[in-house]
>>> print(open('run-v6.cif').read())   # mmCIF, N, CA and C atoms, pLDDT in the B column; chains and numbers go by the auth columns
data_entry
#
loop_
_atom_site.group_PDB
_atom_site.id
_atom_site.type_symbol
_atom_site.label_atom_id
_atom_site.label_comp_id
_atom_site.label_asym_id
_atom_site.label_seq_id
_atom_site.Cartn_x
_atom_site.Cartn_y
_atom_site.Cartn_z
_atom_site.B_iso_or_equiv
_atom_site.auth_seq_id
_atom_site.auth_asym_id
ATOM 1 N N MET A 1 -11.137 -8.549 104.511 47.00 805 A
ATOM 2 C CA MET A 1 -10.384 -9.410 105.361 47.00 805 A
ATOM 3 C C MET A 1 -9.758 -10.570 104.609 47.00 805 A
ATOM 4 N N TRP A 2 -10.239 -10.806 103.426 57.00 806 A
ATOM 5 C CA TRP A 2 -9.698 -11.915 102.653 57.00 806 A
ATOM 6 C C TRP A 2 -8.230 -11.699 102.330 57.00 806 A
ATOM 7 N N TYR A 3 -7.805 -10.434 102.007 56.00 807 A
ATOM 8 C CA TYR A 3 -6.410 -10.137 101.698 56.00 807 A
ATOM 9 C C TYR A 3 -5.691 -9.548 102.895 56.00 807 A
ATOM 10 N N GLY A 4 -6.108 -9.784 104.072 60.00 808 A
ATOM 11 C CA GLY A 4 -5.564 -9.159 105.262 60.00 808 A
ATOM 12 C C GLY A 4 -4.062 -8.988 105.280 60.00 808 A
ATOM 13 N N ASP A 5 -3.302 -10.058 105.384 65.00 809 A
ATOM 14 C CA ASP A 5 -1.851 -9.919 105.434 65.00 809 A
ATOM 15 C C ASP A 5 -1.172 -10.689 104.294 65.00 809 A
ATOM 16 N N HIS A 6 -1.885 -10.909 103.224 69.00 810 A
ATOM 17 C CA HIS A 6 -1.332 -11.613 102.068 69.00 810 A
ATOM 18 C C HIS A 6 -1.151 -10.634 100.914 69.00 810 A
ATOM 19 N N MET A 7 -0.665 -11.165 99.764 70.00 811 A
ATOM 20 C CA MET A 7 -0.429 -10.300 98.606 70.00 811 A
ATOM 21 C C MET A 7 -1.743 -9.854 97.981 70.00 811 A
ATOM 22 N N ASP A 8 -1.689 -8.662 97.405 73.00 812 A
ATOM 23 C CA ASP A 8 -2.838 -8.191 96.637 73.00 812 A
ATOM 24 C C ASP A 8 -2.481 -8.272 95.151 73.00 812 A
ATOM 25 N N GLY A 9 -3.212 -7.623 94.297 76.00 813 A
ATOM 26 C CA GLY A 9 -2.989 -7.673 92.853 76.00 813 A
ATOM 27 C C GLY A 9 -1.611 -7.190 92.437 76.00 813 A
ATOM 28 N N TRP A 10 -1.109 -6.112 93.088 80.00 814 A
ATOM 29 C CA TRP A 10 0.219 -5.593 92.754 80.00 814 A
ATOM 30 C C TRP A 10 1.305 -6.575 93.156 80.00 814 A
ATOM 31 N N GLY A 11 1.124 -7.282 94.211 81.00 815 A
ATOM 32 C CA GLY A 11 2.113 -8.277 94.643 81.00 815 A
ATOM 33 C C GLY A 11 2.245 -9.390 93.621 81.00 815 A
ATOM 34 N N TYR A 12 1.123 -9.848 93.083 84.00 816 A
ATOM 35 C CA TYR A 12 1.166 -10.887 92.059 84.00 816 A
ATOM 36 C C TYR A 12 1.812 -10.374 90.770 84.00 816 A
ATOM 37 N N ALA A 13 1.509 -9.124 90.428 87.00 817 A
ATOM 38 C CA ALA A 13 2.097 -8.538 89.220 87.00 817 A
ATOM 39 C C ALA A 13 3.611 -8.421 89.360 87.00 817 A
ATOM 40 N N LEU A 14 4.085 -7.955 90.508 89.00 818 A
ATOM 41 C CA LEU A 14 5.523 -7.827 90.722 89.00 818 A
ATOM 42 C C LEU A 14 6.192 -9.190 90.797 89.00 818 A
ATOM 43 N N MET A 15 5.518 -10.169 91.368 90.00 819 A
ATOM 44 C CA MET A 15 6.067 -11.514 91.424 90.00 819 A
ATOM 45 C C MET A 15 6.198 -12.091 90.009 90.00 819 A
ATOM 46 N N GLY A 16 5.206 -11.887 89.182 91.00 820 A
ATOM 47 C CA GLY A 16 5.275 -12.373 87.797 91.00 820 A
ATOM 48 C C GLY A 16 6.371 -11.678 87.007 91.00 820 A
ATOM 49 N N LEU A 17 6.481 -10.349 87.166 94.00 821 A
ATOM 50 C CA LEU A 17 7.512 -9.595 86.476 94.00 821 A
ATOM 51 C C LEU A 17 8.904 -10.027 86.927 94.00 821 A
ATOM 52 N N SER A 18 9.080 -10.229 88.216 96.00 822 A
ATOM 53 C CA SER A 18 10.392 -10.648 88.709 96.00 822 A
ATOM 54 C C SER A 18 10.746 -12.048 88.218 96.00 822 A
ATOM 55 N N ALA A 19 9.751 -12.920 88.061 97.00 823 A
ATOM 56 C CA ALA A 19 10.019 -14.260 87.529 97.00 823 A
ATOM 57 C C ALA A 19 10.477 -14.176 86.076 97.00 823 A
ATOM 58 N N VAL A 20 9.825 -13.320 85.295 97.00 824 A
ATOM 59 C CA VAL A 20 10.228 -13.153 83.898 97.00 824 A
ATOM 60 C C VAL A 20 11.640 -12.583 83.818 97.00 824 A
ATOM 61 N N LEU A 21 11.940 -11.565 84.624 97.00 825 A
ATOM 62 C CA LEU A 21 13.281 -10.981 84.630 97.00 825 A
ATOM 63 C C LEU A 21 14.331 -11.986 85.089 97.00 825 A
ATOM 64 N N PHE A 22 14.009 -12.814 86.068 98.00 826 A
ATOM 65 C CA PHE A 22 14.934 -13.838 86.547 98.00 826 A
ATOM 66 C C PHE A 22 15.279 -14.814 85.430 98.00 826 A
ATOM 67 N N TRP A 23 14.258 -15.327 84.733 97.00 827 A
ATOM 68 C CA TRP A 23 14.511 -16.297 83.673 97.00 827 A
ATOM 69 C C TRP A 23 15.236 -15.660 82.487 97.00 827 A
ATOM 70 N N ALA A 24 14.930 -14.414 82.184 98.00 828 A
ATOM 71 C CA ALA A 24 15.634 -13.726 81.098 98.00 828 A
ATOM 72 C C ALA A 24 17.114 -13.552 81.437 98.00 828 A
ATOM 73 N N ALA A 25 17.405 -13.183 82.690 98.00 829 A
ATOM 74 C CA ALA A 25 18.796 -13.037 83.116 98.00 829 A
ATOM 75 C C ALA A 25 19.508 -14.383 83.115 98.00 829 A
ATOM 76 N N LEU A 26 18.845 -15.425 83.551 98.00 830 A
ATOM 77 C CA LEU A 26 19.458 -16.757 83.580 98.00 830 A
ATOM 78 C C LEU A 26 19.757 -17.259 82.165 98.00 830 A
ATOM 79 N N ILE A 27 18.819 -17.117 81.264 97.00 831 A
ATOM 80 C CA ILE A 27 19.035 -17.561 79.882 97.00 831 A
ATOM 81 C C ILE A 27 20.091 -16.699 79.194 97.00 831 A
ATOM 82 N N GLY A 28 20.024 -15.391 79.384 97.00 832 A
ATOM 83 C CA GLY A 28 21.027 -14.497 78.804 97.00 832 A
ATOM 84 C C GLY A 28 22.424 -14.783 79.327 97.00 832 A
ATOM 85 N N GLY A 29 22.542 -15.059 80.610 97.00 833 A
ATOM 86 C CA GLY A 29 23.839 -15.414 81.181 97.00 833 A
ATOM 87 C C GLY A 29 24.357 -16.727 80.619 97.00 833 A
ATOM 88 N N GLY A 30 23.458 -17.688 80.432 96.00 834 A
ATOM 89 C CA GLY A 30 23.862 -18.966 79.844 96.00 834 A
ATOM 90 C C GLY A 30 24.359 -18.802 78.416 96.00 834 A
ATOM 91 N N ILE A 31 23.677 -17.984 77.638 96.00 835 A
ATOM 92 C CA ILE A 31 24.111 -17.733 76.261 96.00 835 A
ATOM 93 C C ILE A 31 25.459 -17.019 76.248 96.00 835 A
ATOM 94 N N ALA A 32 25.627 -16.026 77.110 95.00 836 A
ATOM 95 C CA ALA A 32 26.900 -15.302 77.177 95.00 836 A
ATOM 96 C C ALA A 32 28.040 -16.231 77.588 95.00 836 A
ATOM 97 N N LEU A 33 27.791 -17.109 78.545 94.00 837 A
ATOM 98 C CA LEU A 33 28.811 -18.066 78.977 94.00 837 A
ATOM 99 C C LEU A 33 29.154 -19.032 77.852 94.00 837 A
ATOM 100 N N PHE A 34 28.149 -19.520 77.139 93.00 838 A
ATOM 101 C CA PHE A 34 28.371 -20.434 76.016 93.00 838 A
ATOM 102 C C PHE A 34 29.223 -19.772 74.940 93.00 838 A
ATOM 103 N N ARG A 35 28.901 -18.519 74.592 92.00 839 A
ATOM 104 C CA ARG A 35 29.668 -17.812 73.568 92.00 839 A
ATOM 105 C C ARG A 35 31.092 -17.527 74.036 92.00 839 A
ATOM 106 N N TYR A 36 31.257 -17.220 75.307 91.00 840 A
ATOM 107 C CA TYR A 36 32.581 -16.945 75.846 91.00 840 A
ATOM 108 C C TYR A 36 33.450 -18.195 75.808 91.00 840 A
ATOM 109 N N LEU A 37 32.893 -19.328 76.180 91.00 841 A
ATOM 110 C CA LEU A 37 33.667 -20.564 76.228 91.00 841 A
ATOM 111 C C LEU A 37 33.952 -21.135 74.842 91.00 841 A
ATOM 112 N N ASN A 38 33.151 -20.798 73.840 88.00 842 A
ATOM 113 C CA ASN A 38 33.338 -21.348 72.496 88.00 842 A
ATOM 114 C C ASN A 38 34.046 -20.412 71.536 88.00 842 A
ATOM 115 N N ARG A 39 34.589 -19.328 72.022 82.00 843 A
ATOM 116 C CA ARG A 39 35.299 -18.439 71.112 82.00 843 A
ATOM 117 C C ARG A 39 36.666 -19.034 70.780 82.00 843 A
ATOM 118 N N VAL A 40 37.237 -18.590 69.685 67.00 844 A
ATOM 119 C CA VAL A 40 38.533 -19.087 69.243 67.00 844 A
ATOM 120 C C VAL A 40 39.600 -18.445 70.127 67.00 844 A
ATOM 121 N N SER A 41 40.390 -19.266 70.772 59.00 845 A
ATOM 122 C CA SER A 41 41.409 -18.726 71.670 59.00 845 A
ATOM 123 C C SER A 41 42.646 -18.326 70.879 59.00 845 A
ATOM 124 N N GLY A 42 43.316 -17.277 71.326 53.00 846 A
ATOM 125 C CA GLY A 42 44.556 -16.838 70.728 53.00 846 A
ATOM 126 C C GLY A 42 44.350 -15.831 69.612 53.00 846 A
ATOM 127 N N THR A 43 43.569 -16.159 68.592 52.00 847 A
ATOM 128 C CA THR A 43 43.415 -15.254 67.457 52.00 847 A
ATOM 129 C C THR A 43 42.275 -14.280 67.659 52.00 847 A
ATOM 130 N N GLY A 44 41.354 -14.577 68.540 52.00 848 A
ATOM 131 C CA GLY A 44 40.202 -13.707 68.737 52.00 848 A
ATOM 132 C C GLY A 44 39.129 -14.026 67.725 52.00 848 A
ATOM 133 N N ALA A 45 37.908 -13.760 68.088 52.00 849 A
ATOM 134 C CA ALA A 45 36.791 -14.110 67.219 52.00 849 A
ATOM 135 C C ALA A 45 36.725 -13.210 65.993 52.00 849 A
ATOM 136 N N GLY A 46 37.236 -11.983 66.092 57.00 850 A
ATOM 137 C CA GLY A 46 37.136 -11.060 64.977 57.00 850 A
ATOM 138 C C GLY A 46 38.377 -11.001 64.114 57.00 850 A
ATOM 139 N N ALA A 47 39.311 -11.925 64.288 56.00 851 A
ATOM 140 C CA ALA A 47 40.537 -11.909 63.508 56.00 851 A
ATOM 141 C C ALA A 47 40.226 -12.236 62.042 56.00 851 A
ATOM 142 N N PRO A 48 40.743 -11.429 61.113 64.00 852 A
ATOM 143 C CA PRO A 48 40.463 -11.701 59.703 64.00 852 A
ATOM 144 C C PRO A 48 41.221 -12.929 59.230 64.00 852 A
ATOM 145 N N ARG A 49 40.611 -13.652 58.316 73.00 853 A
ATOM 146 C CA ARG A 49 41.271 -14.818 57.738 73.00 853 A
ATOM 147 C C ARG A 49 42.203 -14.351 56.627 73.00 853 A
ATOM 148 N N ARG A 50 43.229 -15.154 56.373 79.00 854 A
ATOM 149 C CA ARG A 50 44.143 -14.837 55.284 79.00 854 A
ATOM 150 C C ARG A 50 43.459 -15.115 53.959 79.00 854 A
ATOM 151 N N SER A 51 43.621 -14.209 53.033 81.00 855 A
ATOM 152 C CA SER A 51 43.030 -14.375 51.714 81.00 855 A
ATOM 153 C C SER A 51 43.896 -15.296 50.867 81.00 855 A
ATOM 154 N N THR A 52 43.260 -16.025 49.972 88.00 856 A
ATOM 155 C CA THR A 52 43.997 -16.868 49.039 88.00 856 A
ATOM 156 C C THR A 52 44.584 -15.985 47.950 88.00 856 A
ATOM 157 N N PRO A 53 45.594 -16.484 47.234 89.00 857 A
ATOM 158 C CA PRO A 53 46.162 -15.678 46.140 89.00 857 A
ATOM 159 C C PRO A 53 45.125 -15.299 45.086 89.00 857 A
ATOM 160 N N GLU A 54 44.182 -16.212 44.812 90.00 858 A
ATOM 161 C CA GLU A 54 43.146 -15.904 43.836 90.00 858 A
ATOM 162 C C GLU A 54 42.262 -14.756 44.317 90.00 858 A
ATOM 163 N N GLN A 55 41.950 -14.753 45.617 90.00 859 A
ATOM 164 C CA GLN A 55 41.122 -13.676 46.165 90.00 859 A
ATOM 165 C C GLN A 55 41.855 -12.344 46.108 90.00 859 A
ATOM 166 N N LEU A 56 43.140 -12.357 46.436 91.00 860 A
ATOM 167 C CA LEU A 56 43.917 -11.112 46.377 91.00 860 A
ATOM 168 C C LEU A 56 43.987 -10.581 44.955 91.00 860 A
ATOM 169 N N LEU A 57 44.179 -11.495 43.996 92.00 861 A
ATOM 170 C CA LEU A 57 44.233 -11.086 42.598 92.00 861 A
ATOM 171 C C LEU A 57 42.885 -10.522 42.139 92.00 861 A
ATOM 172 N N ALA A 58 41.802 -11.169 42.538 92.00 862 A
ATOM 173 C CA ALA A 58 40.470 -10.688 42.181 92.00 862 A
ATOM 174 C C ALA A 58 40.192 -9.327 42.805 92.00 862 A
ATOM 175 N N GLU A 59 40.662 -9.101 44.018 92.00 863 A
ATOM 176 C CA GLU A 59 40.470 -7.796 44.664 92.00 863 A
ATOM 177 C C GLU A 59 41.232 -6.703 43.912 92.00 863 A
ATOM 178 N N ARG A 60 42.466 -7.010 43.488 93.00 864 A
ATOM 179 C CA ARG A 60 43.241 -6.027 42.727 93.00 864 A
ATOM 180 C C ARG A 60 42.560 -5.717 41.398 93.00 864 A
ATOM 181 N N TYR A 61 42.000 -6.753 40.775 94.00 865 A
ATOM 182 C CA TYR A 61 41.282 -6.563 39.514 94.00 865 A
ATOM 183 C C TYR A 61 40.029 -5.710 39.729 94.00 865 A
ATOM 184 N N ALA A 62 39.311 -5.981 40.813 93.00 866 A
ATOM 185 C CA ALA A 62 38.091 -5.231 41.109 93.00 866 A
ATOM 186 C C ALA A 62 38.392 -3.763 41.409 93.00 866 A
ATOM 187 N N ARG A 63 39.533 -3.489 42.021 92.00 867 A
ATOM 188 C CA ARG A 63 39.912 -2.105 42.319 92.00 867 A
ATOM 189 C C ARG A 63 40.450 -1.373 41.094 92.00 867 A
ATOM 190 N N GLY A 64 40.714 -2.125 39.993 92.00 868 A
ATOM 191 C CA GLY A 64 41.232 -1.507 38.780 92.00 868 A
ATOM 192 C C GLY A 64 42.733 -1.364 38.761 92.00 868 A
ATOM 193 N N GLU A 65 43.448 -2.046 39.648 92.00 869 A
ATOM 194 C CA GLU A 65 44.907 -1.958 39.693 92.00 869 A
ATOM 195 C C GLU A 65 45.543 -2.725 38.537 92.00 869 A
ATOM 196 N N ILE A 66 44.868 -3.755 38.038 92.00 870 A
ATOM 197 C CA ILE A 66 45.372 -4.531 36.906 92.00 870 A
ATOM 198 C C ILE A 66 44.265 -4.653 35.864 92.00 870 A
ATOM 199 N N ASP A 67 44.665 -4.848 34.609 93.00 871 A
ATOM 200 C CA ASP A 67 43.671 -4.954 33.534 93.00 871 A
ATOM 201 C C ASP A 67 43.314 -6.419 33.280 93.00 871 A
ATOM 202 N N ASP A 68 42.418 -6.638 32.294 93.00 872 A
ATOM 203 C CA ASP A 68 41.936 -7.989 31.990 93.00 872 A
ATOM 204 C C ASP A 68 43.067 -8.936 31.626 93.00 872 A
ATOM 205 N N GLU A 69 43.941 -8.471 30.746 94.00 873 A
ATOM 206 C CA GLU A 69 45.023 -9.332 30.261 94.00 873 A
ATOM 207 C C GLU A 69 45.948 -9.756 31.397 94.00 873 A
ATOM 208 N N GLU A 70 46.342 -8.795 32.218 93.00 874 A
ATOM 209 C CA GLU A 70 47.241 -9.115 33.327 93.00 874 A
ATOM 210 C C GLU A 70 46.555 -10.031 34.340 93.00 874 A
ATOM 211 N N TYR A 71 45.266 -9.791 34.579 94.00 875 A
ATOM 212 C CA TYR A 71 44.515 -10.647 35.516 94.00 875 A
ATOM 213 C C TYR A 71 44.502 -12.088 35.028 94.00 875 A
ATOM 214 N N ARG A 72 44.151 -12.280 33.748 93.00 876 A
ATOM 215 C CA ARG A 72 44.084 -13.643 33.209 93.00 876 A
ATOM 216 C C ARG A 72 45.460 -14.300 33.185 93.00 876 A
ATOM 217 N N HIS A 73 46.486 -13.535 32.848 93.00 877 A
ATOM 218 C CA HIS A 73 47.855 -14.067 32.818 93.00 877 A
ATOM 219 C C HIS A 73 48.291 -14.525 34.212 93.00 877 A
ATOM 220 N N ARG A 74 48.086 -13.699 35.195 92.00 878 A
ATOM 221 C CA ARG A 74 48.484 -14.054 36.557 92.00 878 A
ATOM 222 C C ARG A 74 47.641 -15.208 37.103 92.00 878 A
ATOM 223 N N LEU A 75 46.375 -15.261 36.738 91.00 879 A
ATOM 224 C CA LEU A 75 45.520 -16.363 37.169 91.00 879 A
ATOM 225 C C LEU A 75 45.996 -17.673 36.557 91.00 879 A
ATOM 226 N N ASP A 76 46.409 -17.622 35.284 92.00 880 A
ATOM 227 C CA ASP A 76 46.991 -18.810 34.644 92.00 880 A
ATOM 228 C C ASP A 76 48.242 -19.271 35.381 92.00 880 A
ATOM 229 N N ILE A 77 49.083 -18.323 35.745 91.00 881 A
ATOM 230 C CA ILE A 77 50.311 -18.663 36.466 91.00 881 A
ATOM 231 C C ILE A 77 49.974 -19.320 37.807 91.00 881 A
ATOM 232 N N LEU A 78 48.996 -18.766 38.509 89.00 882 A
ATOM 233 C CA LEU A 78 48.610 -19.348 39.796 89.00 882 A
ATOM 234 C C LEU A 78 48.087 -20.766 39.649 89.00 882 A
ATOM 235 N N HIS A 79 47.391 -21.042 38.558 88.00 883 A
ATOM 236 C CA HIS A 79 46.824 -22.373 38.350 88.00 883 A
ATOM 237 C C HIS A 79 47.802 -23.319 37.667 88.00 883 A
ATOM 238 N N GLY A 80 49.046 -22.889 37.481 86.00 884 A
ATOM 239 C CA GLY A 80 50.071 -23.765 36.925 86.00 884 A
ATOM 240 C C GLY A 80 50.109 -23.800 35.418 86.00 884 A
ATOM 241 N N GLY A 81 49.470 -22.858 34.769 73.00 885 A
ATOM 242 C CA GLY A 81 49.453 -22.804 33.304 73.00 885 A
ATOM 243 C C GLY A 81 50.760 -22.251 32.781 73.00 885 A
ATOM 244 N N ASN A 82 50.725 -21.052 32.239 61.00 886 A
ATOM 245 C CA ASN A 82 51.915 -20.398 31.695 61.00 886 A
ATOM 246 C C ASN A 82 52.883 -20.032 32.796 61.00 886 A
ATOM 247 N N ARG A 83 54.145 -20.139 32.481 58.00 887 A
ATOM 248 C CA ARG A 83 55.179 -19.663 33.392 58.00 887 A
ATOM 249 C C ARG A 83 55.655 -18.315 32.880 58.00 887 A
ATOM 250 N N PRO A 84 55.990 -17.397 33.774 56.00 888 A
ATOM 251 C CA PRO A 84 56.500 -16.105 33.306 56.00 888 A
ATOM 252 C C PRO A 84 57.805 -16.288 32.549 56.00 888 A
ATOM 253 N N ALA A 85 58.106 -15.329 31.680 57.00 889 A
ATOM 254 C CA ALA A 85 59.287 -15.419 30.823 57.00 889 A
ATOM 255 C C ALA A 85 60.579 -15.462 31.618 57.00 889 A
ATOM 256 N N ASN A 86 60.635 -14.804 32.779 57.00 890 A
ATOM 257 C CA ASN A 86 61.873 -14.760 33.556 57.00 890 A
ATOM 258 C C ASN A 86 61.944 -15.872 34.604 57.00 890 A
ATOM 259 N N ALA A 87 61.034 -16.825 34.572 54.00 891 A
ATOM 260 C CA ALA A 87 61.073 -17.918 35.538 54.00 891 A
ATOM 261 C C ALA A 87 62.042 -18.999 35.074 54.00 891 A
ATOM 262 N N PRO A 88 62.711 -19.681 35.981 49.00 892 A
ATOM 263 C CA PRO A 88 63.695 -20.725 35.593 49.00 892 A
ATOM 264 C C PRO A 88 63.030 -21.948 35.031 49.00 892 A
#
>>> encode(input="run-v6.cif", output="structure tokens")
Amino acid sequence: MWYGDHMDGWGYALMGLSAVLFWAALIGGGIALFRYLNRVSGTGAGAPRRSTPEQLLAERYARGEIDDEEYRHRLDILHGGNRPANAP
């Protein structure tokens, strides 16, 4: 008669589980809203950044498109060292 019309053990277990699910959904929704509101507008969050000339040159060197001498020569030109022979 003690549990006559009140919750039993399963009722408490389901109440606890539903509380955990409620808080998980609330926190997850808050995180999703925060990320949505803080994304970069216009370009999208996954938009690639433009590479610098030095990075592009290093990538070409790493792929083997240019050799050591050409890499160093072009890097000098980028840093304002030597000017190419056909430059004014």
>>> atom_distance(input="run-v6.cif", atom1="atom C of Gly820 in chain A", atom2="atom N of Phe838 in chain A")
25.2 Å
>>> residues_around(input="run-v6.cif", residues="Thr856 in chain A", least_positions_apart="6", cutoff="12 Å", atoms="only C-alpha atoms", output="list in words")
Ala862, Glu863, Leu879 and Leu882 of chain A
>>> atom_distance(input="run-v6.cif", atom1="CA of His877 in chain A", atom2="CA of Leu861 in chain A")
10.8 Å
>>> axis_aligned_box(input="run-v6.cif", around="range 811-821 of chain A", padding_each_side="5 Å", output="AutoDock Vina command-line options")
--center_x 2.8 --center_y -9.0 --center_z 93.1 --size_x 22.1 --size_y 16.8 --size_z 23.3
>>> build_atoms(input="run-v6.cif", residues="range 858-870 of chain A", atoms="N, CA, C and O atoms", output="short mmCIF file (atom, residue, chain, number, x, y, z; two decimals), keeping the file's coordinate frame")
data_model
loop_
_atom_site.label_atom_id
_atom_site.label_comp_id
_atom_site.auth_asym_id
_atom_site.auth_seq_id
_atom_site.Cartn_x
_atom_site.Cartn_y
_atom_site.Cartn_z
N GLU A 858 44.18 -16.21 44.81
CA GLU A 858 43.15 -15.90 43.84
C GLU A 858 42.26 -14.76 44.32
O GLU A 858 41.86 -13.89 43.53
N GLN A 859 41.95 -14.75 45.62
CA GLN A 859 41.12 -13.68 46.16
C GLN A 859 41.86 -12.34 46.11
O GLN A 859 41.26 -11.31 45.78
N LEU A 860 43.14 -12.36 46.44
CA LEU A 860 43.92 -11.11 46.38
C LEU A 860 43.99 -10.58 44.96
O LEU A 860 43.86 -9.38 44.72
N LEU A 861 44.18 -11.50 44.00
CA LEU A 861 44.23 -11.09 42.60
C LEU A 861 42.88 -10.52 42.14
O LEU A 861 42.83 -9.49 41.47
N ALA A 862 41.80 -11.17 42.54
CA ALA A 862 40.47 -10.69 42.18
C ALA A 862 40.19 -9.33 42.80
O ALA A 862 39.56 -8.47 42.17
N GLU A 863 40.66 -9.10 44.02
CA GLU A 863 40.47 -7.80 44.66
C GLU A 863 41.23 -6.70 43.91
O GLU A 863 40.72 -5.61 43.72
N ARG A 864 42.47 -7.01 43.49
CA ARG A 864 43.24 -6.03 42.73
C ARG A 864 42.56 -5.72 41.40
O ARG A 864 42.53 -4.57 40.96
N TYR A 865 42.00 -6.75 40.78
CA TYR A 865 41.28 -6.56 39.51
C TYR A 865 40.03 -5.71 39.73
O TYR A 865 39.74 -4.81 38.95
N ALA A 866 39.31 -5.98 40.81
CA ALA A 866 38.09 -5.23 41.11
C ALA A 866 38.39 -3.76 41.41
O ALA A 866 37.59 -2.89 41.09
N ARG A 867 39.53 -3.49 42.02
CA ARG A 867 39.91 -2.10 42.32
C ARG A 867 40.45 -1.37 41.09
O ARG A 867 40.67 -0.16 41.14
N GLY A 868 40.71 -2.12 39.99
CA GLY A 868 41.23 -1.51 38.78
C GLY A 868 42.73 -1.36 38.76
O GLY A 868 43.28 -0.64 37.92
N GLU A 869 43.45 -2.05 39.65
CA GLU A 869 44.91 -1.96 39.69
C GLU A 869 45.54 -2.72 38.54
O GLU A 869 46.66 -2.40 38.12
N ILE A 870 44.87 -3.76 38.04
CA ILE A 870 45.37 -4.53 36.91
C ILE A 870 44.26 -4.65 35.86
O ILE A 870 43.09 -4.57 36.18
#
